[in-house]
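> Contents of query_38.pdb (PDB, C-alpha atoms) are given next:
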ATOM      1  CA  THR A 240      13.389  12.883  10.710
ATOM      2  CA  LEU A 241      10.632  10.585  11.912
ATOM      3  CA  LEU A 242       8.530  10.903   8.786
ATOM      4  CA  THR A 243       9.879  10.436   5.293
ATOM      5  CA  MET A 244       9.650  13.418   2.967
ATOM      6  CA  ASP A 245       8.234  11.219   0.211
ATOM      7  CA  ILE A 246       4.880  10.611   1.901
ATOM      8  CA  PRO A 247       2.814   9.819  -1.256
ATOM      9  CA  ASN A 248       5.211   7.100  -2.422
ATOM     10  CA  SER A 249       5.543   5.701   1.092
ATOM     11  CA  PHE A 250       1.765   5.431   1.311
ATOM     12  CA  LYS A 251       1.574   3.805  -2.133
ATOM     13  CA  ALA A 252       4.231   1.266  -1.108
ATOM     14  CA  ALA A 253       2.275   0.214   1.976
ATOM     15  CA  ARG A 254       0.302  -3.022   2.011
ATOM     16  CA  PRO A 255      -3.393  -2.685   0.997
ATOM     17  CA  LEU A 256      -4.714  -3.388   4.495
ATOM     18  CA  VAL A 257      -2.334  -0.811   5.984
ATOM     19  CA  LYS A 258      -3.705   1.791   3.568
ATOM     20  CA  VAL A 259      -7.271   0.940   4.612
ATOM     21  CA  VAL A 260      -6.300   1.186   8.293
ATOM     22  CA  VAL A 261      -4.760   4.637   7.778
ATOM     23  CA  ILE A 262      -7.854   5.913   5.947
ATOM     24  CA  LEU A 263     -10.193   4.517   8.623
ATOM     25  CA  LEU A 264      -8.130   6.081  11.390
ATOM     26  CA  VAL A 265      -8.058   9.484   9.698
ATOM     27  CA  ILE A 266     -11.873   9.471   9.640
ATOM     28  CA  ALA A 267     -12.000   8.053  13.178
ATOM     29  CA  GLN A 268      -9.703  10.843  14.362
ATOM     30  CA  VAL A 269     -12.058  13.492  12.989
ATOM     31  CA  CYS A 270     -14.937  11.833  14.859
ATOM     32  CA  ASN A 271     -12.744  11.417  17.949
ATOM     33  CA  TRP A 272     -11.847  15.118  18.170
ATOM     34  CA  LEU A 273     -15.320  16.418  17.349
ATOM     35  CA  ALA A 274     -17.009  14.087  19.824
ATOM     36  CA  PHE A 275     -14.544  15.063  22.557
ATOM     37  CA  CYS A 276     -14.721  18.821  21.986
ATOM     38  CA  THR A 277     -18.219  19.711  20.763
ATOM     39  CA  THR A 278     -21.253  20.465  22.917
ATOM     40  CA  SER A 279     -24.006  18.363  21.412
ATOM     41  CA  TRP A 280     -23.941  15.039  23.181
ATOM     42  CA  TYR A 281     -27.359  16.035  24.478
ATOM     43  CA  VAL A 282     -29.633  18.811  23.288
ATOM     44  CA  HIS A 283     -32.841  20.311  24.656
ATOM     45  CA  LEU A 284     -34.084  22.384  21.727
ATOM     46  CA  ASP A 285     -37.112  23.651  23.646
ATOM     47  CA  ASN A 286     -34.726  25.410  26.055
ATOM     48  CA  ASN A 287     -31.902  25.933  23.533
ATOM     49  CA  ALA A 288     -29.613  23.871  25.767
ATOM     50  CA  TYR A 289     -26.588  22.029  24.337
ATOM     51  CA  ILE A 290     -24.554  19.715  26.547
ATOM     52  CA  GLY A 291     -21.148  18.223  25.762
ATOM     53  CA  LEU A 292     -18.569  16.355  27.800
ATOM     54  CA  TRP A 293     -17.019  19.517  29.207
ATOM     55  CA  ARG A 294     -19.463  22.380  28.627
ATOM     56  CA  SER A 295     -23.197  23.014  28.743
ATOM     57  CA  CYS A 296     -24.247  25.923  26.559
ATOM     58  CA  SER A 297     -27.241  28.060  25.714
ATOM     59  CA  LEU A 298     -27.433  30.483  22.820
ATOM     60  CA  THR A 299     -25.582  33.160  24.795
ATOM     61  CA  TYR A 300     -23.205  31.521  27.293
ATOM     62  CA  CYS A 301     -21.540  28.261  28.403
ATOM     63  CA  ASN A 302     -20.901  26.707  31.798
ATOM     64  CA  PRO A 303     -18.134  24.195  32.593
ATOM     65  CA  ARG A 304     -19.086  20.616  33.449
ATOM     66  CA  ASP A 305     -15.667  19.615  34.816
ATOM     67  CA  GLY A 306     -15.882  17.721  38.095
ATOM     68  CA  ILE A 307     -19.668  17.431  38.274
ATOM     69  CA  PRO A 308     -20.305  15.085  41.253
ATOM     70  CA  VAL A 309     -22.607  12.737  39.360
ATOM     71  CA  ALA A 310     -21.334   9.164  39.089
ATOM     72  CA  PHE A 311     -22.330   8.417  35.504
ATOM     73  CA  VAL A 312     -21.087  11.815  34.250
ATOM     74  CA  MET A 313     -17.683  11.259  35.869
ATOM     75  CA  ALA A 314     -17.516   7.770  34.356
ATOM     76  CA  VAL A 315     -18.384   9.074  30.886
ATOM     77  CA  GLN A 316     -15.759  11.830  31.118
ATOM     78  CA  ALA A 317     -13.035   9.563  32.518
ATOM     79  CA  PHE A 318     -13.420   6.834  29.884
ATOM     80  CA  ALA A 319     -13.755   9.455  27.137
ATOM     81  CA  ILE A 320     -10.345  10.835  28.160
ATOM     82  CA  PHE A 321      -8.778   7.364  28.030
ATOM     83  CA  GLY A 322     -10.354   6.705  24.643
ATOM     84  CA  PHE A 323      -9.387  10.088  23.218
ATOM     85  CA  VAL A 324      -5.734   9.893  24.297
ATOM     86  CA  SER A 325      -5.297   6.238  23.302
ATOM     87  CA  MET A 326      -6.747   6.824  19.852
ATOM     88  CA  ASN A 327      -4.470   9.810  19.243
ATOM     89  CA  ILE A 328      -1.343   7.891  20.215
ATOM     90  CA  SER A 329      -2.395   4.863  18.157
ATOM     91  CA  PHE A 330      -3.046   7.048  15.124
ATOM     92  CA  TRP A 331       0.453   8.543  15.228
ATOM     93  CA  LEU A 332       2.033   5.125  15.717
ATOM     94  CA  VAL A 333       0.252   3.848  12.610
ATOM     95  CA  LEU A 334       1.506   6.872  10.676
ATOM     96  CA  LEU A 335       5.041   6.181  11.897
ATOM     97  CA  TYR A 336       4.698   2.544  10.861
ATOM     98  CA  THR A 337       3.465   3.553   7.406
ATOM     99  CA  LEU A 338       5.509   6.668   6.627
ATOM    100  CA  SER A 339       8.519   6.780   8.953
ATOM    101  CA  THR A 340      12.036   6.151   7.724
ATOM    102  CA  LYS A 341      13.009   4.840  11.167
ATOM    103  CA  TYR A 342       9.961   2.814  12.211
ATOM    104  CA  ARG A 343       8.673   1.784   8.803
ATOM    105  CA  LEU A 344       7.352  -1.776   8.871
ATOM    106  CA  SER A 345       8.372  -2.184  12.529
ATOM    107  CA  SER A 346       6.176  -4.961  13.908
ATOM    108  CA  PRO A 347       6.409  -3.837  17.586
ATOM    109  CA  THR A 348       5.222  -0.357  16.589
ATOM    110  CA  TYR A 349       2.250  -1.814  14.703
ATOM    111  CA  ARG A 350       1.341  -4.161  17.565
ATOM    112  CA  LEU A 351       1.559  -1.319  20.093
ATOM    113  CA  ALA A 352      -0.728   0.762  17.872
ATOM    114  CA  ALA A 353      -3.224  -2.104  17.755
ATOM    115  CA  GLY A 354      -3.135  -2.520  21.536
ATOM    116  CA  LEU A 355      -3.716   1.183  22.166
ATOM    117  CA  LEU A 356      -6.464   1.255  19.568
ATOM    118  CA  LEU A 357      -8.194  -1.624  21.334
ATOM    119  CA  CYS A 358      -7.950   0.338  24.606
ATOM    120  CA  ALA A 359      -9.465   3.343  22.839
ATOM    121  CA  VAL A 360     -12.348   1.250  21.499
ATOM    122  CA  VAL A 361     -13.123  -0.247  24.914
ATOM    123  CA  SER A 362     -12.873   3.129  26.688
ATOM    124  CA  TRP A 363     -15.030   5.013  24.192
ATOM    125  CA  LEU A 364     -17.515   2.127  24.128
ATOM    126  CA  ILE A 365     -17.938   2.265  27.909
ATOM    127  CA  SER A 366     -18.381   6.035  27.717
ATOM    128  CA  VAL A 367     -20.985   5.746  24.963
ATOM    129  CA  VAL A 368     -22.910   2.920  26.653
ATOM    130  CA  VAL A 369     -22.990   4.629  30.055
ATOM    131  CA  PHE A 370     -24.163   7.910  28.540
ATOM    132  CA  GLY A 371     -26.696   6.168  26.316
ATOM    133  CA  THR A 372     -28.276   4.110  29.098
ATOM    134  CA  ASN A 373     -28.562   7.148  31.380
ATOM    135  CA  VAL A 374     -29.485   9.871  28.892
ATOM    136  CA  CYS A 375     -30.246   8.733  25.353
ATOM    137  CA  ILE A 376     -32.855   6.253  26.508
ATOM    138  CA  ASN A 377     -35.086   9.238  27.327
ATOM    139  CA  SER A 378     -34.740  10.920  23.926
ATOM    140  CA  GLY A 379     -37.940  12.211  22.319
ATOM    141  CA  GLU A 380     -39.959  15.351  21.705
ATOM    142  CA  TYR A 381     -40.961  18.022  24.196
ATOM    143  CA  ASN A 382     -43.395  20.728  23.085
ATOM    144  CA  GLY A 383     -42.782  19.609  19.515
ATOM    145  CA  LYS A 384     -39.008  20.012  19.742
ATOM    146  CA  TYR A 385     -36.329  17.349  19.982
ATOM    147  CA  VAL A 386     -34.812  16.501  23.347
ATOM    148  CA  GLY A 387     -32.099  13.851  23.595
ATOM    149  CA  CYS A 388     -28.750  12.655  22.276
ATOM    150  CA  HIS A 389     -27.386  14.509  19.265
ATOM    151  CA  TYR A 390     -24.539  14.561  16.737
ATOM    152  CA  SER A 391     -21.597  14.638  19.196
ATOM    153  CA  TYR A 392     -22.816  11.365  20.681
ATOM    154  CA  GLY A 393     -23.235   9.949  17.170
ATOM    155  CA  LEU A 394     -19.662  10.935  16.310
ATOM    156  CA  ALA A 395     -18.408   9.082  19.386
ATOM    157  CA  VAL A 396     -20.266   5.982  18.205
ATOM    158  CA  CYS A 397     -18.728   6.388  14.730
ATOM    159  CA  ALA A 398     -15.251   6.671  16.281
ATOM    160  CA  VAL A 399     -15.845   3.375  18.108
ATOM    161  CA  VAL A 400     -17.032   1.542  14.988
ATOM    162  CA  LEU A 401     -14.251   2.862  12.738
ATOM    163  CA  SER A 402     -11.546   2.203  15.319
ATOM    164  CA  LEU A 403     -12.790  -1.317  15.996
ATOM    165  CA  THR A 404     -12.785  -2.041  12.261
ATOM    166  CA  ALA A 405      -9.236  -0.677  11.946
ATOM    167  CA  CYS A 406      -8.103  -2.717  14.949
ATOM    168  CA  ILE A 407      -9.495  -5.936  13.450
ATOM    169  CA  LEU A 408      -7.773  -5.179  10.132
ATOM    170  CA  ILE A 409      -4.445  -4.605  11.916
ATOM    171  CA  PHE A 410      -4.668  -8.015  13.597
ATOM    172  CA  ILE A 411      -5.613  -9.657  10.283
ATOM    173  CA  ASP A 412      -2.734  -7.895   8.522
ATOM    174  CA  THR A 413      -0.130  -8.809  11.145
ATOM    175  CA  ARG A 414      -1.319 -12.414  11.095
ATOM    176  CA  SER A 415      -1.078 -12.602   7.301
ATOM    177  CA  VAL A 416       2.399 -11.032   7.359
ATOM    178  CA  ARG A 417       3.531 -13.536  10.010
ATOM    179  CA  THR A 418       2.163 -16.412   7.904
ATOM    180  CA  THR A 419       3.973 -15.093   4.809
ATOM    181  CA  VAL A 420       7.268 -14.754   6.690
ATOM    182  CA  VAL A 421       6.995 -18.304   8.052
ATOM    183  CA  SER A 422       6.224 -19.640   4.550
ATOM    184  CA  GLN A 423       9.227 -17.817   3.101
ATOM    185  CA  ARG A 424      11.487 -19.206   5.821
ATOM    186  CA  ASN A 425      10.221 -22.728   5.129
ATOM    187  CA  VAL A 426      10.922 -22.276   1.417
ATOM    188  CA  GLN A 427      14.422 -21.013   2.198
ATOM    189  CA  VAL A 428      15.085 -23.991   4.473
ATOM    190  CA  GLU A 429      13.803 -26.440   1.851
ATOM    191  CA  THR A 430      15.948 -24.763  -0.813
ATOM    192  CA  THR A 431      19.012 -24.926   1.417
ATOM    193  CA  VAL A 432      18.427 -28.597   2.220
ATOM    194  CA  THR A 433      17.900 -29.431  -1.454
ATOM    195  CA  TYR A 434      21.057 -27.569  -2.456
ATOM    196  CA  SER A 435      23.095 -29.306   0.265
ATOM    197  CA  THR A 436      21.777 -32.713  -0.798
ATOM    198  CA  THR A 437      22.616 -32.007  -4.444
ATOM    199  CA  GLN A 438      26.122 -30.882  -3.554
ATOM    200  CA  HIS A 439      26.654 -33.981  -1.421
ATOM    201  CA  GLN A 440      25.535 -36.242  -4.220
ATOM    202  CA  GLN A 441      27.826 -34.501  -6.720
ATOM    203  CA  ILE A 442      30.788 -34.942  -4.377
ATOM    204  CA  ARG A 443      30.055 -38.659  -4.077
TER     205      ARG A 443
END
What does the file become when written as structure tokens?


Amino acid sequence: TLLTMDIPNSFKAARPLVKVVVILLVIAQVCNWLAFCTTSWYVHLDNNAYIGLWRSCSLTYCNPRDGIPVAFVMAVQAFAIFGFVSMNISFWLVLLYTLSTKYRLSSPTYRLAAGLLLCAVVSWLISVVVFGTNVCINSGEYNGKYVGCHYSYGLAVCAVVLSLTACILIFIDTRSVRTTVVSQRNVQVETTVTYSTTQHQQIR
């Protein structure tokens, strides 16, 4: 099996930074899915209109927004897809690294997860910035009711921040592990040299 059956103990045995990364990515994944699927990137409460990445809805019906021939909308949707997929794959790779019996503590798996997470951050960030500069900049009130970016957009921003934080922690963790391994190797070499010198002196 890919995942160990003893998940609680495997999580407890993980390094502190790995635990923090997993927790951050769990929260980021919730934001990632909700931002991608919900219909409140933009709301027009005066008209009861709710617009998401893929659907625009009123109180009674929804219309698809797939393939709308508007440049900034296509850019937002395209980069959102890249960000969504990359974050999902990265999340599962981190889980494999933390809980898997086969890939546990596999450095290539962890580095691949970090690379994909960085791609997710950049993709979602582009999506958020493009949408914000074209839509959110006009947020305000109309006839006393709010018109502008709403919670789905905020969740996308949260996914970016959480994922970026997790990505930075992964790089810090891998660097610290590499430093520890090098230090241990140096100690082993010094011990071996000292032992060899002692043995040589005893023989003489």

> Would you translate the PyMOL selection byres ((chain A and resi 262) around 12) into the concrete set of residues it matches in this file, as a PyMOL selection string?

chain A and resi 250+255-261+263-269+330+333-334+337+401-402+404-405+408

> Could you check which residues have any atom within 9 Å of (-17.6, 13.6, 24.1), counting only C-alpha atoms with coordinates taken straight from the file, and then list them as a list of chain:residue names?

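Collected hits near the coordinates: A:Asn271, A:Trp272, A:Leu273, A:Ala274, A:Phe275, A:Cys276, A:Thr277, A:Thr278, A:Ser279, A:Trp280, A:Gly291, A:Leu292, A:Trp293, A:Val315, A:Gln316, A:Ala319, A:Ile320, A:Phe323, A:Trp363, A:Ser366, A:Val367, A:Ser391, A:Tyr392, A:Leu394, A:Ala395.
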
> Quick one, how far is CA of Glu380 (chain A) from CA of Tyr289 (chain A)?

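A separation of 15.2 Å between them.
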
> Written as JSON, numbers by chain, what is the full residue list that the PyMOL selection byres ((chain A and resi 386) around 8) yields on the file shown?

{"A": [281, 282, 283, 284, 285, 378, 379, 380, 381, 384, 385, 387, 388]}

> As AutoDock Vina command-line options, please report the centre and edge lengths, rounded to one decimal in Å, of the axis-aligned box that holds all listed atoms of region 280-286 of chain A with 3 Å of padding on each of the six sides.


--center_x -30.5 --center_y 20.2 --center_z 23.9 --size_x 19.2 --size_y 16.4 --size_z 10.3

> What is the distance between CA of Phe321 (chain A) and CA of Ala398 (chain A), in Å to one decimal?

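About the pair CA of Phe321 (chain A) and CA of Ala398 (chain A): they are 13.4 Å apart.
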
> Would you please work out which residue, of A:Val368, A:Cys375, A:Leu338, A:Val399, is nearest to Gly322 (chain A) when using all atoms listed in the file?

A:Val399

> Please indicate the distance in Å from CA of Met326 (chain A) to CA of Ile290 (chain A), rounded to one decimal place.

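Atom-to-atom, CA of Met326 (chain A) and CA of Ile290 (chain A) are spaced 23.0 Å apart.
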
> Saving region 249-268 of chain A with N, CA, C and O atoms, as an mmCIF file, in the first residue's frame, what would that file be?


data_model
loop_
_atom_site.group_PDB
_atom_site.id
_atom_site.type_symbol
_atom_site.label_atom_id
_atom_site.label_comp_id
_atom_site.auth_asym_id
_atom_site.auth_seq_id
_atom_site.Cartn_x
_atom_site.Cartn_y
_atom_site.Cartn_z
ATOM 1 N N SER A 249 2.823 7.818 12.186
ATOM 2 C CA SER A 249 3.668 8.307 11.099
ATOM 3 C C SER A 249 3.720 9.828 11.103
ATOM 4 O O SER A 249 4.773 10.427 10.885
ATOM 5 N N PHE A 250 2.566 10.447 11.370
ATOM 6 C CA PHE A 250 2.527 11.909 11.435
ATOM 7 C C PHE A 250 3.327 12.416 12.636
ATOM 8 O O PHE A 250 4.060 13.405 12.539
ATOM 9 N N LYS A 251 3.182 11.736 13.774
ATOM 10 C CA LYS A 251 3.929 12.135 14.975
ATOM 11 C C LYS A 251 5.436 12.013 14.765
ATOM 12 O O LYS A 251 6.218 12.797 15.312
ATOM 13 N N ALA A 252 5.852 11.014 13.982
ATOM 14 C CA ALA A 252 7.281 10.777 13.760
ATOM 15 C C ALA A 252 7.896 11.764 12.773
ATOM 16 O O ALA A 252 9.123 11.842 12.663
ATOM 17 N N ALA A 253 7.057 12.499 12.056
ATOM 18 C CA ALA A 253 7.572 13.439 11.063
ATOM 19 C C ALA A 253 8.269 14.617 11.742
ATOM 20 O O ALA A 253 7.997 14.940 12.899
ATOM 21 N N ARG A 254 9.156 15.257 11.010
ATOM 22 C CA ARG A 254 9.851 16.431 11.528
ATOM 23 C C ARG A 254 8.846 17.557 11.763
ATOM 24 O O ARG A 254 7.827 17.644 11.070
ATOM 25 N N PRO A 255 9.115 18.461 12.705
ATOM 26 C CA PRO A 255 8.162 19.544 13.030
ATOM 27 C C PRO A 255 7.747 20.370 11.815
ATOM 28 O O PRO A 255 6.558 20.672 11.644
ATOM 29 N N LEU A 256 8.711 20.746 10.972
ATOM 30 C CA LEU A 256 8.369 21.560 9.809
ATOM 31 C C LEU A 256 7.495 20.798 8.817
ATOM 32 O O LEU A 256 6.632 21.380 8.162
ATOM 33 N N VAL A 257 7.707 19.487 8.708
ATOM 34 C CA VAL A 257 6.869 18.672 7.826
ATOM 35 C C VAL A 257 5.430 18.666 8.332
ATOM 36 O O VAL A 257 4.476 18.759 7.545
ATOM 37 N N LYS A 258 5.263 18.566 9.648
ATOM 38 C CA LYS A 258 3.917 18.609 10.229
ATOM 39 C C LYS A 258 3.229 19.935 9.906
ATOM 40 O O LYS A 258 2.048 19.969 9.531
ATOM 41 N N VAL A 259 3.968 21.033 10.049
ATOM 42 C CA VAL A 259 3.404 22.357 9.760
ATOM 43 C C VAL A 259 3.019 22.449 8.287
ATOM 44 O O VAL A 259 1.952 22.979 7.945
ATOM 45 N N VAL A 260 3.862 21.938 7.408
ATOM 46 C CA VAL A 260 3.576 21.952 5.971
ATOM 47 C C VAL A 260 2.293 21.183 5.666
ATOM 48 O O VAL A 260 1.443 21.651 4.904
ATOM 49 N N VAL A 261 2.135 20.009 6.257
ATOM 50 C CA VAL A 261 0.931 19.205 6.025
ATOM 51 C C VAL A 261 -0.317 19.964 6.480
ATOM 52 O O VAL A 261 -1.329 20.019 5.750
ATOM 53 N N ILE A 262 -0.262 20.551 7.662
ATOM 54 C CA ILE A 262 -1.417 21.297 8.185
ATOM 55 C C ILE A 262 -1.756 22.482 7.282
ATOM 56 O O ILE A 262 -2.928 22.728 6.951
ATOM 57 N N LEU A 263 -0.729 23.233 6.858
ATOM 58 C CA LEU A 263 -0.953 24.372 5.968
ATOM 59 C C LEU A 263 -1.578 23.934 4.644
ATOM 60 O O LEU A 263 -2.494 24.585 4.133
ATOM 61 N N LEU A 264 -1.103 22.808 4.127
ATOM 62 C CA LEU A 264 -1.614 22.342 2.836
ATOM 63 C C LEU A 264 -3.030 21.785 2.937
ATOM 64 O O LEU A 264 -3.795 21.865 1.975
ATOM 65 N N VAL A 265 -3.381 21.225 4.073
ATOM 66 C CA VAL A 265 -4.768 20.776 4.264
ATOM 67 C C VAL A 265 -5.708 21.977 4.191
ATOM 68 O O VAL A 265 -6.743 21.953 3.497
ATOM 69 N N ILE A 266 -5.344 23.053 4.892
ATOM 70 C CA ILE A 266 -6.165 24.277 4.862
ATOM 71 C C ILE A 266 -6.152 24.891 3.470
ATOM 72 O O ILE A 266 -7.191 25.335 2.954
ATOM 73 N N ALA A 267 -4.969 24.907 2.834
ATOM 74 C CA ALA A 267 -4.854 25.462 1.483
ATOM 75 C C ALA A 267 -5.711 24.683 0.493
ATOM 76 O O ALA A 267 -6.308 25.269 -0.419
ATOM 77 N N GLN A 268 -5.780 23.352 0.686
ATOM 78 C CA GLN A 268 -6.586 22.525 -0.201
ATOM 79 C C GLN A 268 -8.076 22.852 -0.088
ATOM 80 O O GLN A 268 -8.793 22.867 -1.089
#
